[in-house]
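Below is one structure, written out as structure tokens; the observations come after it.
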Amino acid sequence: MNHPELTDQALAILRNPETFQWYFIPLFAFVVYIYFNEIQKKNWRGVASGLALYAVHWFYEIVNALIQHFSGHALWTVPTGTSFLLLVGVGWELSMMFAVAGLIFSKILPDDPKAKVLGVNNRVFFAVVNAAFFSVFEIFLASTPAFHWVYPWWGAFPVFITTYVPFFLAANFAYDWKPATRRRLIGGLFIVDAAMLVVFAGVLGWI
């Protein structure tokens with residue numbers, strides 16, 4: 001295990017208002033503007049992609065926080081550098097980025113969901129490419145004081161396979177779901193996330 005003291009640093013600032021910085025507010029405003037702009041254009045497919053990825057992101061962050069509770073250390077932590085640490089592995093800035101990532105990357109999806117790129121379905125192809133980009137970028141993040149992979153075996157490749165590929169598969173396939181399916185699946189996942197937060201963070205205080 002690398003630098004277990006960083007877990008203690010992350011827990012020390014967990015939802016601590018003393019870390020607050022004013023840019024928290026305009027960053028949130030920019031995310032709201034992006035979504036309102038897409039809603040005004042009736043780009044429901046892009047909105048669905050954005051919300052699908054964000055819902056999956058929150059599920060993963062809750063699971064990571066539960067791993068910290070039960071084992072003593074999460075797989076990844078944010079020990080410093082955030083204006084507000086939401087859970088042990090995600091600060092406000094990361095969460096706002098994930099809030100729009102699916103919507104942004106939906107802009108490169110072809111209109112035809114069955115079209116192939118290099119012989120691979122384009123929804124799968126772009127999920128893999130986007131996941132690879134995020135995984136490589138996370139190598140840089142893990143080299144800074146603000147983000148840490150706790151275990152030596154947890155790095156870019158495990159993140160790519162287990163985290164970012166599912167993120168972007170959810171976003172890319174949500175782009176083509178029918179409206180009723182979007183409401184049912186995305187809404188259902190947000191309900192699960194909210195229930196987990198209420199129970200594990202609010203009632204039990206585990207995360």
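Chain labels A, B, ... are given in the sequence in which chains occur in the structure tokens; within each chain residues are numbered consecutively from 1, and ligands are likewise numbered from 1 in the order shown.
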
**Report entry** Residue set, stretch 110-156 of chain A restricted to strand (DSSP E), as a ChimeraX atom specification
**Finding:** /A:116-117,120-121,148-149

Requested in this report: Please report, as a ChimeraX atom specification, each residue of stretch 50-103 of chain A to which DSSP assigns alpha helix (DSSP H) when run on this structure's backbone.
Outcome: /A:50-71,92-103

Report task. Work out how far apart atom CA of A:Leu189 and atom CA of A:Tyr33 are and give it in Å to one decimal. Result -> 23.4 Å

Using only C-alpha atoms, find each residue in stretch 48-88 of chain A having at least one atom no more than 8 Å away from stretch 142-157 of chain A; report its shortest atom-to-atom pair and that distance in Å (one decimal), rows by chain then rising number, as a tab-separated table.
residue	atom	partner	partner_atom	distance
A:His73	CA	A:Val150	CA	7.3
A:Ala74	CA	A:Val150	CA	6.9
A:Leu75	CA	A:Val150	CA	5.5
A:Trp76	CA	A:Trp149	CA	4.6
A:Thr77	CA	A:His148	CA	5.3
A:Val78	CA	A:Phe147	CA	4.7
A:Pro79	CA	A:Ala146	CA	5.9
A:Thr80	CA	A:Ala146	CA	4.9
A:Gly81	CA	A:Ala146	CA	5.1
A:Thr82	CA	A:Ala146	CA	7.6

Prev. selection, N, CA and C atoms, output as a JSON list (two decimals), in the first residue's frame:
[["chain", "number", "residue", "atom", "x", "y", "z"],
["A", 73, "HIS", "N", -9.15, 1.53, 3.72],
["A", 73, "HIS", "CA", -8.58, 2.35, 2.66],
["A", 73, "HIS", "C", -9.39, 2.18, 1.38],
["A", 74, "ALA", "N", -9.70, 3.31, 0.74],
["A", 74, "ALA", "CA", -10.38, 3.27, -0.55],
["A", 74, "ALA", "C", -9.38, 2.91, -1.64],
["A", 75, "LEU", "N", -9.88, 2.67, -2.84],
["A", 75, "LEU", "CA", -8.99, 2.41, -3.97],
["A", 75, "LEU", "C", -8.32, 3.70, -4.44],
["A", 76, "TRP", "N", -9.06, 4.80, -4.38],
["A", 76, "TRP", "CA", -8.50, 6.11, -4.73],
["A", 76, "TRP", "C", -9.00, 7.14, -3.74],
["A", 77, "THR", "N", -8.18, 8.15, -3.50],
["A", 77, "THR", "CA", -8.53, 9.20, -2.55],
["A", 77, "THR", "C", -8.18, 10.57, -3.11],
["A", 78, "VAL", "N", -8.83, 11.58, -2.55],
["A", 78, "VAL", "CA", -8.50, 12.98, -2.85],
["A", 78, "VAL", "C", -8.08, 13.61, -1.53],
["A", 79, "PRO", "N", -6.77, 13.62, -1.23],
["A", 79, "PRO", "CA", -6.34, 14.09, 0.08],
["A", 79, "PRO", "C", -6.20, 15.59, 0.22],
["A", 80, "THR", "N", -6.22, 16.32, -0.89],
["A", 80, "THR", "CA", -6.04, 17.77, -0.82],
["A", 80, "THR", "C", -6.46, 18.39, -2.15],
["A", 81, "GLY", "N", -6.49, 19.73, -2.20],
["A", 81, "GLY", "CA", -6.66, 20.44, -3.46],
["A", 81, "GLY", "C", -8.07, 20.63, -3.94],
["A", 82, "THR", "N", -9.07, 20.28, -3.14],
["A", 82, "THR", "CA", -10.45, 20.45, -3.56],
["A", 82, "THR", "C", -11.15, 21.51, -2.73]]

Report summary line: One residue among A:Trp92, A:Phe160, A:Phe125, A:Tyr175 is nearest to A:Leu51 when using only C-alpha atoms, and that residue is A:Tyr175

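Distances from A:Leu141, A:Leu197, A:Leu11, A:Ala170 to A:Gly72 were compared using only C-alpha atoms, and the smallest one belongs to A:Leu11.
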
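Between A:Asp111 and the candidates A:Glu18, A:Asp176, A:Glu5, A:Asp193, the tightest atom-to-atom separation, counting only C-alpha atoms, involves A:Asp176.
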
Query - Long-range neighbours of stretch 199-202 of chain A as a PyMOL selection string, 12 Å cut-off, only C-alpha atoms, 5 positions minimum in chain - result: chain A and resi 14-15+62-63+65-67+69-70+86-88+192-194+207

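Considering only C-alpha atoms, the residue among A:Gly50, A:Thr181, A:Thr7, A:Phe133 positioned nearest to A:Gly89 is A:Thr7.
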
Query raised in the report: Interatomic distance between atom CA of A:Gly91 and atom CA of A:Glu138?
Result: 14.4 Å

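We find atom CA of A:Ser83 and atom CA of A:Ala10 to be spaced 12.5 Å apart.
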
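Checking A:Asn64, A:Pro158, A:Gly205, A:Ala52 one by one against A:Gly187, counting only C-alpha atoms, you find the shortest gap at A:Ala52.
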
Report task. Write out as a VMD selection string each polymer residue whose atoms come within 12 Å of A:Val56, counting only C-alpha atoms; drop sequence neighbours fewer than 3 positions from it. Result -> chain A and resid 49 to 53 59 to 63 95 98 to 99 101 to 102 162 to 171 174 185 to 193
